[in-house]
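A.B. asks: Contents of final09.cif (mmCIF, C-alpha atoms and all ligand atoms):
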data_structure
#
loop_
_atom_site.label_atom_id
_atom_site.label_comp_id
_atom_site.auth_asym_id
_atom_site.auth_seq_id
_atom_site.Cartn_x
_atom_site.Cartn_y
_atom_site.Cartn_z
CA MET A 1277 -18.07 -32.16 -4.89
CA PRO A 1278 -15.97 -29.30 -6.24
CA VAL A 1279 -17.88 -26.52 -7.99
CA SER A 1280 -18.14 -27.94 -11.46
CA THR A 1281 -18.60 -24.55 -13.09
CA PHE A 1282 -15.43 -22.95 -11.72
CA ASN A 1283 -13.31 -21.61 -14.54
CA VAL A 1284 -10.29 -19.66 -13.39
CA ASP A 1285 -10.12 -17.57 -16.59
CA GLU A 1286 -13.51 -16.02 -15.80
CA PHE A 1287 -12.26 -14.80 -12.44
CA ILE A 1288 -9.27 -12.96 -13.80
CA ARG A 1289 -9.93 -9.30 -14.60
CA PRO A 1290 -9.89 -8.88 -18.40
CA ASN A 1291 -7.01 -6.36 -18.22
CA ILE A 1292 -4.91 -9.02 -16.45
CA ARG A 1293 -6.10 -11.81 -18.75
CA ASN A 1294 -5.02 -9.75 -21.74
CA LEU A 1295 -1.87 -8.38 -20.12
CA LYS A 1296 1.26 -8.50 -22.20
CA PRO A 1297 3.71 -9.10 -19.35
CA TYR A 1298 6.88 -7.05 -19.03
CA ARG A 1299 9.75 -9.08 -20.44
CA SER A 1300 12.73 -8.59 -18.23
CA ALA A 1301 16.30 -8.86 -19.48
CA ARG A 1302 16.94 -11.92 -17.32
CA ASP A 1303 13.96 -13.77 -18.85
CA ASP A 1304 16.10 -14.56 -21.88
CA PHE A 1305 19.79 -14.66 -20.88
CA SER A 1306 21.65 -14.80 -17.58
CA GLU A 1307 25.12 -15.55 -18.96
CA GLY A 1308 27.44 -13.98 -21.54
CA ILE A 1309 28.50 -10.38 -21.92
CA LEU A 1310 25.43 -8.89 -20.28
CA LEU A 1311 24.84 -5.48 -21.77
CA ASP A 1312 21.07 -5.78 -21.77
CA ALA A 1313 19.84 -4.57 -18.38
CA ASN A 1314 21.70 -1.34 -17.59
CA GLU A 1315 23.34 -2.98 -14.59
CA ASN A 1316 26.76 -1.87 -13.28
CA SER A 1317 29.21 -4.04 -15.19
CA LEU A 1318 32.10 -3.17 -12.85
CA GLY A 1319 30.52 -4.92 -9.88
CA SER A 1320 28.84 -3.88 -6.66
CA VAL A 1321 30.08 -1.41 -4.03
CA VAL A 1322 29.39 -4.14 -1.47
CA GLU A 1323 31.52 -7.29 -1.62
CA SER A 1324 29.48 -10.46 -2.12
CA ASP A 1325 29.81 -13.78 -3.88
CA GLN A 1326 26.23 -13.39 -5.18
CA GLN A 1327 26.86 -11.03 -8.12
CA LEU A 1328 24.68 -8.41 -6.56
CA ASN A 1329 25.27 -6.08 -9.51
CA ARG A 1330 23.10 -8.41 -11.61
CA TYR A 1331 19.31 -8.57 -11.39
CA PRO A 1332 17.97 -11.79 -9.86
CA ASP A 1333 16.26 -14.63 -11.66
CA PRO A 1334 12.65 -13.48 -12.23
CA LEU A 1335 11.25 -16.94 -11.42
CA HIS A 1336 13.67 -18.70 -9.01
CA ASP A 1337 12.67 -22.10 -10.36
CA ASP A 1338 15.13 -23.89 -8.03
CA LEU A 1339 13.39 -22.42 -4.99
CA ARG A 1340 9.94 -23.06 -6.45
CA SER A 1341 10.95 -26.71 -6.93
CA ALA A 1342 12.27 -26.98 -3.38
CA TRP A 1343 9.05 -25.49 -1.96
CA ALA A 1344 6.97 -27.75 -4.21
CA ASN A 1345 8.89 -30.87 -3.13
CA TYR A 1346 8.49 -29.97 0.50
CA ARG A 1347 4.70 -29.55 0.16
CA GLU A 1348 4.28 -32.37 -2.37
CA VAL A 1349 2.95 -30.24 -5.21
CA GLN A 1350 4.38 -29.29 -8.61
CA LYS A 1351 6.78 -26.42 -9.26
CA ASP A 1352 4.31 -24.68 -11.58
CA GLN A 1353 1.76 -24.69 -8.73
CA VAL A 1354 4.00 -22.44 -6.60
CA PHE A 1355 4.21 -18.63 -6.73
CA LEU A 1356 6.95 -16.96 -4.67
CA GLY A 1357 6.25 -13.58 -3.09
CA VAL A 1358 7.68 -10.97 -0.76
CA GLY A 1359 6.20 -12.64 2.30
CA SER A 1360 2.69 -14.03 2.02
CA ASP A 1361 1.42 -10.45 2.18
CA GLU A 1362 2.40 -9.94 -1.47
CA PRO A 1363 0.18 -12.74 -2.82
CA ILE A 1364 -2.73 -11.46 -0.68
CA ASP A 1365 -2.55 -8.14 -2.52
CA LEU A 1366 -1.91 -9.74 -5.92
CA LEU A 1367 -4.89 -12.09 -5.61
CA ILE A 1368 -7.19 -9.16 -4.85
CA ARG A 1369 -5.82 -7.04 -7.69
CA MET A 1370 -5.99 -9.99 -10.06
CA THR A 1371 -9.67 -10.75 -9.47
CA CYS A 1372 -11.44 -7.67 -8.08
CA HIS A 1373 -12.50 -4.58 -10.03
CA PRO A 1374 -11.89 -1.56 -7.75
CA GLY A 1375 -15.13 0.06 -6.63
CA ARG A 1376 -17.24 -2.85 -7.86
CA ASP A 1377 -16.20 -6.26 -6.51
CA ASN A 1378 -15.81 -7.53 -2.95
CA ILE A 1379 -14.07 -10.12 -0.80
CA LEU A 1380 -15.39 -11.92 2.27
CA ILE A 1381 -13.43 -12.31 5.53
CA THR A 1382 -14.25 -14.04 8.81
CA PRO A 1383 -13.36 -11.85 11.82
CA PRO A 1384 -11.54 -12.11 14.11
CA THR A 1385 -8.80 -12.74 11.58
CA TYR A 1386 -5.55 -11.47 10.10
CA GLY A 1387 -5.80 -7.74 9.37
CA MET A 1388 -4.04 -7.62 6.02
CA TYR A 1389 -6.93 -9.06 3.98
CA LYS A 1390 -9.00 -5.97 4.76
CA VAL A 1391 -6.08 -3.57 4.41
CA ALA A 1392 -5.19 -5.00 0.98
CA ALA A 1393 -8.87 -4.76 -0.06
CA ASP A 1394 -9.16 -1.17 1.22
CA VAL A 1395 -6.00 -0.14 -0.63
CA ASN A 1396 -7.49 -1.54 -3.83
CA ASP A 1397 -10.93 0.06 -3.24
CA VAL A 1398 -12.48 -3.39 -2.92
CA ALA A 1399 -15.42 -3.79 -0.50
CA VAL A 1400 -15.17 -6.24 2.39
CA LYS A 1401 -18.02 -8.47 3.54
CA GLU A 1402 -17.71 -9.97 7.00
CA VAL A 1403 -19.19 -13.14 8.52
CA GLN A 1404 -17.87 -13.61 12.04
CA LEU A 1405 -16.45 -16.92 13.22
CA ASP A 1406 -18.63 -18.79 15.74
CA SER A 1407 -17.90 -18.90 19.48
CA ASP A 1408 -15.31 -21.68 18.93
CA PHE A 1409 -13.76 -19.50 16.20
CA GLN A 1410 -14.92 -21.83 13.42
CA PRO A 1411 -16.34 -20.52 10.12
CA LEU A 1412 -20.13 -20.65 9.65
CA SER A 1413 -20.19 -22.27 6.21
CA ASP A 1414 -23.88 -21.70 5.47
CA GLU A 1415 -23.83 -18.05 6.54
CA ILE A 1416 -20.70 -17.47 4.52
CA LEU A 1417 -22.29 -19.02 1.43
CA ARG A 1418 -25.41 -16.92 2.01
CA GLY A 1419 -23.23 -13.82 2.56
CA VAL A 1420 -21.56 -13.81 -0.84
CA ASP A 1421 -23.01 -12.29 -4.00
CA GLU A 1422 -22.09 -12.32 -7.70
CA ARG A 1423 -19.47 -9.65 -7.02
CA THR A 1424 -17.66 -11.66 -4.32
CA LYS A 1425 -14.42 -12.88 -5.82
CA ILE A 1426 -12.46 -14.24 -2.83
CA ILE A 1427 -13.24 -15.77 0.57
CA PHE A 1428 -10.23 -15.51 2.91
CA LEU A 1429 -9.88 -18.18 5.61
CA CYS A 1430 -6.93 -18.46 7.97
CA SER A 1431 -5.95 -21.81 9.51
CA PRO A 1432 -4.55 -21.82 12.14
CA ASN A 1433 -6.31 -18.50 12.53
CA ASN A 1434 -4.60 -15.32 13.69
CA PRO A 1435 -5.32 -14.04 16.37
CA THR A 1436 -7.28 -17.00 17.79
CA GLY A 1437 -4.67 -19.73 17.18
CA ASN A 1438 -7.01 -22.60 16.22
CA LEU A 1439 -7.09 -24.73 13.09
CA LEU A 1440 -10.31 -24.38 11.11
CA SER A 1441 -12.28 -27.58 10.87
CA PRO A 1442 -12.18 -29.27 7.43
CA ASP A 1443 -15.95 -29.95 7.83
CA ARG A 1444 -16.48 -26.19 7.69
CA ILE A 1445 -14.05 -25.53 4.84
CA TYR A 1446 -15.17 -28.23 2.37
CA PRO A 1447 -18.71 -26.86 1.93
CA ILE A 1448 -17.27 -23.43 1.17
CA LEU A 1449 -14.79 -24.84 -1.33
CA ASN A 1450 -17.46 -27.01 -2.92
CA HIS A 1451 -20.18 -24.40 -3.26
CA PHE A 1452 -18.50 -21.01 -3.67
CA ASN A 1453 -17.89 -20.12 -7.28
CA GLY A 1454 -14.85 -17.96 -6.61
CA LEU A 1455 -11.44 -18.25 -4.97
CA VAL A 1456 -11.11 -19.69 -1.48
CA VAL A 1457 -7.81 -18.65 0.08
CA VAL A 1458 -6.61 -20.68 3.05
CA ASP A 1459 -3.78 -18.80 4.78
CA GLU A 1460 -1.46 -21.34 6.43
CA ALA A 1461 1.16 -19.01 7.90
CA TYR A 1462 1.15 -21.08 11.13
CA ILE A 1463 0.45 -24.55 9.70
CA ASP A 1464 3.84 -26.01 10.69
CA PHE A 1465 3.05 -25.63 14.41
CA SER A 1466 -0.11 -27.73 14.03
CA ASP A 1467 -0.66 -31.45 13.57
CA SER A 1468 -2.30 -30.82 10.20
CA THR A 1469 -0.53 -31.24 6.87
CA GLY A 1470 -2.70 -28.41 5.57
CA TRP A 1471 -4.60 -27.91 2.34
CA SER A 1472 -1.92 -27.89 -0.35
CA GLY A 1473 -2.71 -31.53 -1.20
CA GLU A 1474 -6.26 -30.43 -2.07
CA ILE A 1475 -5.36 -28.03 -4.87
CA ARG A 1476 -5.55 -30.88 -7.36
CA ASN A 1477 -9.20 -31.48 -6.41
CA HIS A 1478 -10.24 -27.83 -6.06
CA PRO A 1479 -9.29 -25.41 -8.85
CA ASN A 1480 -10.69 -22.54 -6.74
CA LEU A 1481 -8.37 -23.21 -3.76
CA VAL A 1482 -5.32 -21.05 -3.05
CA VAL A 1483 -3.06 -21.92 -0.10
CA LEU A 1484 -0.78 -19.24 1.35
CA GLN A 1485 2.40 -20.17 3.20
CA THR A 1486 5.43 -18.35 4.55
CA LEU A 1487 8.92 -18.97 5.91
CA SER A 1488 8.36 -16.13 8.44
CA LYS A 1489 7.05 -18.29 11.28
CA ALA A 1490 8.22 -21.88 12.01
CA PHE A 1491 11.24 -21.56 9.68
CA GLY A 1492 12.30 -18.41 11.55
CA LEU A 1493 12.97 -16.32 8.44
CA ALA A 1494 10.68 -13.30 8.89
CA GLY A 1495 13.64 -11.03 8.09
CA ILE A 1496 14.16 -12.25 4.53
CA ARG A 1497 10.52 -11.76 3.39
CA ILE A 1498 9.52 -14.86 1.46
CA GLY A 1499 6.11 -16.46 1.14
CA ALA A 1500 4.23 -18.54 -1.39
CA ALA A 1501 0.84 -19.07 -2.97
CA ILE A 1502 0.07 -22.68 -3.95
CA ALA A 1503 -2.73 -23.24 -6.45
CA SER A 1504 -3.51 -24.61 -9.91
CA ALA A 1505 -0.82 -23.95 -12.50
CA GLU A 1506 -3.32 -21.81 -14.47
CA LEU A 1507 -3.91 -19.47 -11.55
CA ILE A 1508 -0.21 -19.33 -10.64
CA GLY A 1509 0.50 -18.51 -14.28
CA TYR A 1510 -1.64 -15.35 -14.02
CA MET A 1511 0.11 -14.33 -10.79
CA LEU A 1512 3.51 -14.71 -12.47
CA ARG A 1513 2.41 -12.53 -15.37
CA MET A 1514 1.31 -9.63 -13.19
CA LYS A 1515 4.03 -9.67 -10.50
CA ALA A 1516 6.89 -7.16 -10.45
CA PRO A 1517 9.67 -8.65 -12.60
CA TYR A 1518 12.24 -9.19 -9.83
CA ASN A 1519 10.05 -9.39 -6.72
CA VAL A 1520 12.22 -11.91 -4.84
CA ASN A 1521 15.83 -10.81 -4.43
CA LYS A 1522 18.98 -12.96 -4.67
CA LEU A 1523 19.92 -12.85 -0.99
CA THR A 1524 16.44 -13.92 0.04
CA ALA A 1525 16.23 -16.70 -2.55
CA ALA A 1526 19.64 -18.14 -1.60
CA THR A 1527 18.77 -18.18 2.11
CA ALA A 1528 15.29 -19.61 1.50
CA LEU A 1529 16.75 -22.43 -0.60
CA LYS A 1530 18.93 -23.49 2.33
CA ALA A 1531 15.89 -23.55 4.62
CA PHE A 1532 14.45 -26.65 2.98
CA ASP A 1533 17.64 -28.59 3.84
CA GLN A 1534 17.22 -27.77 7.53
CA THR A 1535 14.25 -29.94 8.36
CA GLU A 1536 15.82 -31.28 11.57
CA LYS A 1537 16.36 -27.78 12.89
CA LEU A 1538 12.83 -26.87 11.83
CA ARG A 1539 11.44 -29.89 13.70
CA SER A 1540 13.39 -29.03 16.83
CA PHE A 1541 12.13 -25.40 16.77
CA ILE A 1542 8.55 -26.59 16.34
CA ASN A 1543 8.86 -29.15 19.14
CA GLU A 1544 10.41 -26.67 21.52
CA LEU A 1545 7.93 -23.88 20.78
CA ASN A 1546 4.97 -26.25 21.05
CA ARG A 1547 6.26 -27.55 24.42
CA GLU A 1548 6.67 -23.97 25.60
CA ARG A 1549 3.19 -23.13 24.34
CA GLU A 1550 1.69 -25.85 26.55
CA ARG A 1551 3.81 -24.84 29.55
CA LEU A 1552 2.93 -21.17 29.11
CA ALA A 1553 -0.76 -21.98 28.74
CA ASN A 1554 -0.70 -23.98 31.99
CA GLU A 1555 1.15 -21.27 33.90
CA LEU A 1556 -1.15 -18.54 32.60
CA GLN A 1557 -4.25 -20.50 33.46
CA GLN A 1558 -3.19 -20.54 37.10
CA LEU A 1559 -3.06 -16.73 37.40
CA SER A 1560 -6.11 -15.11 38.97
CA ILE A 1561 -6.04 -12.22 36.43
CA VAL A 1562 -6.36 -14.71 33.56
CA LYS A 1563 -9.93 -15.59 32.65
CA ARG A 1564 -9.31 -17.99 29.81
CA VAL A 1565 -6.50 -19.31 27.65
CA ARG A 1566 -7.71 -20.38 24.23
CA PRO A 1567 -6.38 -23.64 22.77
CA SER A 1568 -3.77 -22.97 20.09
CA ASP A 1569 -2.29 -24.80 17.10
CA ALA A 1570 0.10 -21.90 16.42
CA ASN A 1571 3.07 -20.18 18.10
CA PHE A 1572 0.89 -17.77 20.07
CA LEU A 1573 -1.90 -17.82 22.61
CA LEU A 1574 -5.08 -15.75 22.79
CA VAL A 1575 -5.57 -15.01 26.48
CA HIS A 1576 -8.58 -13.30 28.08
CA PHE A 1577 -7.88 -11.16 31.15
CA ASP A 1578 -9.90 -9.05 33.57
CA ASP A 1579 -8.63 -5.83 32.08
CA ALA A 1580 -6.54 -6.60 28.99
CA LEU A 1581 -5.68 -3.02 28.06
CA ALA A 1582 -4.35 -2.22 31.54
CA ILE A 1583 -2.26 -5.38 31.52
CA TYR A 1584 -0.99 -4.64 28.04
CA HIS A 1585 0.26 -1.21 29.19
CA GLU A 1586 1.70 -2.58 32.45
CA LEU A 1587 3.63 -5.27 30.58
CA ALA A 1588 4.91 -2.79 28.00
CA GLY A 1589 6.11 -0.53 30.82
CA ARG A 1590 8.09 -3.52 32.13
CA GLY A 1591 9.60 -4.24 28.72
CA VAL A 1592 7.37 -7.18 27.76
CA ILE A 1593 5.51 -6.47 24.54
CA VAL A 1594 2.37 -8.38 23.58
CA ARG A 1595 -0.51 -7.52 21.23
CA TYR A 1596 -3.85 -6.10 22.39
CA ARG A 1597 -6.67 -7.82 20.53
CA GLY A 1598 -9.63 -6.84 22.74
CA ASP A 1599 -11.13 -4.75 19.94
CA GLN A 1600 -11.72 -7.77 17.70
CA PRO A 1601 -15.04 -9.67 17.71
CA GLY A 1602 -15.02 -12.58 20.17
CA CYS A 1603 -11.73 -11.36 21.66
CA ASP A 1604 -13.13 -9.28 24.54
CA GLN A 1605 -10.38 -8.42 27.01
CA ALA A 1606 -7.88 -10.52 25.08
CA LEU A 1607 -4.16 -10.25 24.46
CA ARG A 1608 -2.32 -12.22 21.81
CA ILE A 1609 0.91 -13.50 23.26
CA THR A 1610 3.65 -14.97 21.09
CA VAL A 1611 5.31 -18.05 22.59
CA GLY A 1612 8.88 -16.93 23.25
CA ALA A 1613 12.05 -18.70 24.26
CA ARG A 1614 11.87 -20.34 27.69
CA SER A 1615 13.57 -17.42 29.49
CA GLU A 1616 11.23 -14.90 27.80
CA ASN A 1617 8.17 -16.88 28.81
CA ASP A 1618 9.50 -17.09 32.39
CA ARG A 1619 9.92 -13.33 32.43
CA LEU A 1620 6.38 -12.81 31.11
CA ILE A 1621 4.95 -15.08 33.80
CA SER A 1622 6.97 -13.43 36.54
CA GLU A 1623 5.82 -9.93 35.46
CA LEU A 1624 2.20 -11.09 35.36
CA LYS A 1625 2.55 -12.64 38.81
CA LYS A 1626 3.75 -9.29 40.13
CA LEU A 1627 0.60 -7.71 38.67
CA THR A 1628 -1.62 -10.17 40.56
CA GLU A 1629 0.00 -9.35 43.93
C1 LIG B 1 -2.16 -15.21 9.17
C2 LIG B 1 -1.00 -14.50 8.60
N1 LIG B 1 -0.84 -14.50 7.28
C3 LIG B 1 0.20 -13.86 6.71
C4 LIG B 1 1.12 -13.20 7.48
C5 LIG B 1 2.20 -12.45 6.78
O1 LIG B 1 3.31 -13.19 6.71
P1 LIG B 1 4.56 -12.80 5.83
O2 LIG B 1 5.65 -12.48 6.79
O3 LIG B 1 4.83 -14.03 5.03
O4 LIG B 1 4.17 -11.64 4.95
C6 LIG B 1 0.99 -13.16 8.86
C7 LIG B 1 1.96 -12.42 9.68
O5 LIG B 1 1.84 -12.23 10.86
C8 LIG B 1 -0.10 -13.84 9.44
O6 LIG B 1 -0.31 -13.84 10.76
#
Let me see whether you can do it: turn the structure in this file into structure tokens.
C.D. replies:
Amino acid sequence: MPVSTFNVDEFIRPNIRNLKPYRSARDDFSEGILLDANENSLGSVVESDQQLNRYPDPLHDDLRSAWANYREVQKDQVFLGVGSDEPIDLLIRMTCHPGRDNILITPPTYGMYKVAADVNDVAVKEVQLDSDFQPLSDEILRGVDERTKIIFLCSPNNPTGNLLSPDRIYPILNHFNGLVVVDEAYIDFSDSTGWSGEIRNHPNLVVLQTLSKAFGLAGIRIGAAIASAELIGYMLRMKAPYNVNKLTAATALKAFDQTEKLRSFINELNRERERLANELQQLSIVKRVRPSDANFLLVHFDDALAIYHELAGRGVIVRYRGDQPGCDQALRITVGARSENDRLISELKKLTE
């Protein structure tokens, strides 16, 4: 059962609740003789068919609708951000009083939750994932206090690659009287349809998504938070007026028409992931390849740091993750194109000789 007492208004800091949002020029008019925003009326020094001299739409409702259709939610349940990193920061600022409140994370996990909390002077509680990298629901629920405003979960988790089990997430959603953020940056590589369908049942759920991974659009910086319209409404009020630019929005809109290309990327990368995992497993320097539902593998070696440096010296760059709990002697390796994976394997084979 969802927490019956959850009331989103109570979780919003009073200064945000009472915020009179900045009204941008483009909130009211986007056509006519536009002398309202101190833009350059002569045009832009760079040729473009996008009217780059004009500020972008503050809301990008067409893109919100496209994202909403794709994930089967409503437009007013979608917030667009500069990557999914922007909503991480906004959610913390929106709910946590600096120097007083805290968030809870489940290491090993994505580093930005803690960085965003630290920047905002918000304390971070930690409850480590278990040995299968699943969240310990009871310990998490015992670990929070009345000042805990957000629990961040990441599924599939970075850097471990696995989906989090719904059996572990539901108790947290049902019993924590605060926001539960499920970061789905890698969801499209998995067999799961994710948690966006659950926002209608759980007013405390926020799902984060991005076009940086399976859609292959890391360079344009676009992500989304999906949650109740009330919560999204607060995020819209506090965001920078023109956070998502025109070039990004136009490119992102096209992405949702490219579902065949998306499917073929996912299929190819997932096939490569399995091939790479098999090849790695056969190397004597590899101790363990963790199962992955994402476009990367967590791989335990004999001496991960030495291998990291050797590979870098040979022009193959991976991520050292051996300093994270449960990731002893581990490297996180992104699944590349076939030729890149071949090169990685061949360099590792040379290191075993
Ligand atoms: C789990 C997770 N969440 C969020 C992000 C940030 O993505 P974006 O490019 O949308 O800011 C990343 C990037 O690596 C990630 O691994």
A.B. asks: If you measure from CA of Arg1564 in chain A to CA of Tyr1596 in chain A, what distance in Å do you get, rounded to one decimal?
C.D. replies: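 For CA of Arg1564 in chain A relative to CA of Tyr1596 in chain A, the distance reads 15.0 Å.
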A.B. asks: Pick out the closest residue to Lys1530 in chain A from this set: A:Arg1444, A:Leu1449, A:Asn1433, A:Ala1342. Count only C-alpha atoms.
C.D. replies: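 Of A:Arg1444, A:Leu1449, A:Asn1433, A:Ala1342, the one nearest Lys1530 in chain A, counting only C-alpha atoms, is A:Ala1342.
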A.B. asks: Could the residues that lie within 10 Å of ligand LIG 1 (chain B), counting only C-alpha atoms and all ligand atoms, be listed as an MDAnalysis selection string?
C.D. replies: chainID A and resid 1357:1364 1385:1389 1429:1435 1437 1458:1463 1484:1489 1493:1500 1570
A.B. asks: Could you give me, as a list in words, the residues within 10 Å of range 1541-1548 of chain A, counting all atoms listed in the file and dropping anything in the same chain fewer than 2 positions from it?
C.D. replies: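 Everything that qualifies: Asp1464, Phe1465, Ser1466, Lys1489, Ala1490, Phe1491, Gly1492, Thr1535, Glu1536, Lys1537, Leu1538, Arg1539, Glu1550, Arg1551, Leu1552, Ala1553, Asn1554, Ser1568, Asp1569, Ala1570, Asn1571, Phe1572, Thr1610, Val1611, Gly1612, Ala1613, Arg1614 and Asn1617 of chain A.
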A.B. asks: When distances are computed from only C-alpha atoms, which of A:Asp1406, A:Glu1616, A:Glu1307, A:Glu1586 shows the smallest separation from Gln1327 in chain A?
C.D. replies: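 Counting only C-alpha atoms, the residue closest to Gln1327 in chain A is A:Glu1307.
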A.B. asks: Figure out the distance between CA of Trp1471 in chain A and CA of Lys1522 in chain A, please, to one decimal in Å.
C.D. replies: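 Separation between CA of Lys1522 in chain A and CA of Trp1471 in chain A: 28.8 Å.
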A.B. asks: By how many Å are CA of Gly1598 in chain A and CA of Ile1448 in chain A apart?
C.D. replies: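 Distance reported for this atom pair: 28.3 Å.
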A.B. asks: Counting all atoms listed in the file, figure out which residue out of A:Asn1314, A:Asn1283, A:Gln1353, A:Ser1540 gets nearest to Val1483 in chain A.
C.D. replies: A:Gln1353
A.B. asks: Using all atoms listed in the file, pick whichever of A:Ala1588, A:Ala1531, A:Ala1582, A:Ala1301 has the shortest atom-to-atom distance to Ile1561 in chain A.
C.D. replies: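 The closest residue to Ile1561 in chain A is A:Ala1582.
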A.B. asks: List as a short mmCIF file (atom, residue, chain, number, x, y, z; two decimals) with C-alpha atoms, in the coordinates of the input the protein and nucleic acid residues near range 1293-1299 of chain A, meaning an atom at most 8 Å away when only C-alpha atoms are counted, but skip any in the same chain fewer than 4 places from it.
C.D. replies:
data_model
loop_
_atom_site.label_atom_id
_atom_site.label_comp_id
_atom_site.auth_asym_id
_atom_site.auth_seq_id
_atom_site.Cartn_x
_atom_site.Cartn_y
_atom_site.Cartn_z
CA ASP A 1285 -10.12 -17.57 -16.59
CA ILE A 1288 -9.27 -12.96 -13.80
CA ARG A 1289 -9.93 -9.30 -14.60
CA ASP A 1303 13.96 -13.77 -18.85
CA TYR A 1510 -1.64 -15.35 -14.02
CA ARG A 1513 2.41 -12.53 -15.37
CA MET A 1514 1.31 -9.63 -13.19
CA PRO A 1517 9.67 -8.65 -12.60
#
A.B. asks: Just the residues within 10 Å of Lys1625 in chain A, please, counting all atoms listed in the file, with nothing from its chain fewer than 4 positions along; format it as a PyMOL selection string.
C.D. replies: chain A and resi 1556+1558-1561+1619-1621+1629
A.B. asks: Which polymer residues have any atom within 12 Å of an atom of Leu1405 in chain A, counting only C-alpha atoms, with same-chain residues fewer than 6 positions away left out, as a list in words?
C.D. replies: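 The neighbour list is Ile1381, Thr1382, Pro1383, Pro1384, Thr1385, Pro1411, Leu1412, Ser1413, Asp1414, Glu1415, Ile1416, Leu1429, Cys1430, Asn1433, Asn1434, Pro1435, Thr1436, Asn1438, Leu1440, Ser1441, Arg1444, Gln1600, Pro1601, Gly1602 and Cys1603 of chain A.
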A.B. asks: Next, write the just-selected residues to a file, as a PDB file, keeping the file's coordinate frame, keeping C-alpha atoms as the atom set.
C.D. replies:
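Wrote it out as out-v1.pdb, contents follow:
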ATOM      1  CA  ILE A1381     -13.430 -12.310   5.530  1.00  0.00           C
ATOM      2  CA  THR A1382     -14.250 -14.040   8.810  1.00  0.00           C
ATOM      3  CA  PRO A1383     -13.360 -11.850  11.820  1.00  0.00           C
ATOM      4  CA  PRO A1384     -11.540 -12.110  14.110  1.00  0.00           C
ATOM      5  CA  THR A1385      -8.800 -12.740  11.580  1.00  0.00           C
ATOM      6  CA  PRO A1411     -16.340 -20.520  10.120  1.00  0.00           C
ATOM      7  CA  LEU A1412     -20.130 -20.650   9.650  1.00  0.00           C
ATOM      8  CA  SER A1413     -20.190 -22.270   6.210  1.00  0.00           C
ATOM      9  CA  ASP A1414     -23.880 -21.700   5.470  1.00  0.00           C
ATOM     10  CA  GLU A1415     -23.830 -18.050   6.540  1.00  0.00           C
ATOM     11  CA  ILE A1416     -20.700 -17.470   4.520  1.00  0.00           C
ATOM     12  CA  LEU A1429      -9.880 -18.180   5.610  1.00  0.00           C
ATOM     13  CA  CYS A1430      -6.930 -18.460   7.970  1.00  0.00           C
ATOM     14  CA  ASN A1433      -6.310 -18.500  12.530  1.00  0.00           C
ATOM     15  CA  ASN A1434      -4.600 -15.320  13.690  1.00  0.00           C
ATOM     16  CA  PRO A1435      -5.320 -14.040  16.370  1.00  0.00           C
ATOM     17  CA  THR A1436      -7.280 -17.000  17.790  1.00  0.00           C
ATOM     18  CA  ASN A1438      -7.010 -22.600  16.220  1.00  0.00           C
ATOM     19  CA  LEU A1440     -10.310 -24.380  11.110  1.00  0.00           C
ATOM     20  CA  SER A1441     -12.280 -27.580  10.870  1.00  0.00           C
ATOM     21  CA  ARG A1444     -16.480 -26.190   7.690  1.00  0.00           C
ATOM     22  CA  GLN A1600     -11.720  -7.770  17.700  1.00  0.00           C
ATOM     23  CA  PRO A1601     -15.040  -9.670  17.710  1.00  0.00           C
ATOM     24  CA  GLY A1602     -15.020 -12.580  20.170  1.00  0.00           C
ATOM     25  CA  CYS A1603     -11.730 -11.360  21.660  1.00  0.00           C
TER      26      CYS A1603
END
A.B. asks: Choose the residue, out of A:Ala1501, A:Leu1627, A:Val1565, A:Ile1309, that has the smallest atom-to-atom separation from Leu1587 in chain A; count all atoms listed in the file.
C.D. replies: A:Leu1627
A.B. asks: Kindly indicate which residue among A:Val1562, A:Val1284, A:Leu1624, A:Ile1502 lies nearest to Tyr1346 in chain A, using only C-alpha atoms for the distances.
C.D. replies: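 Closest candidate: A:Ile1502.
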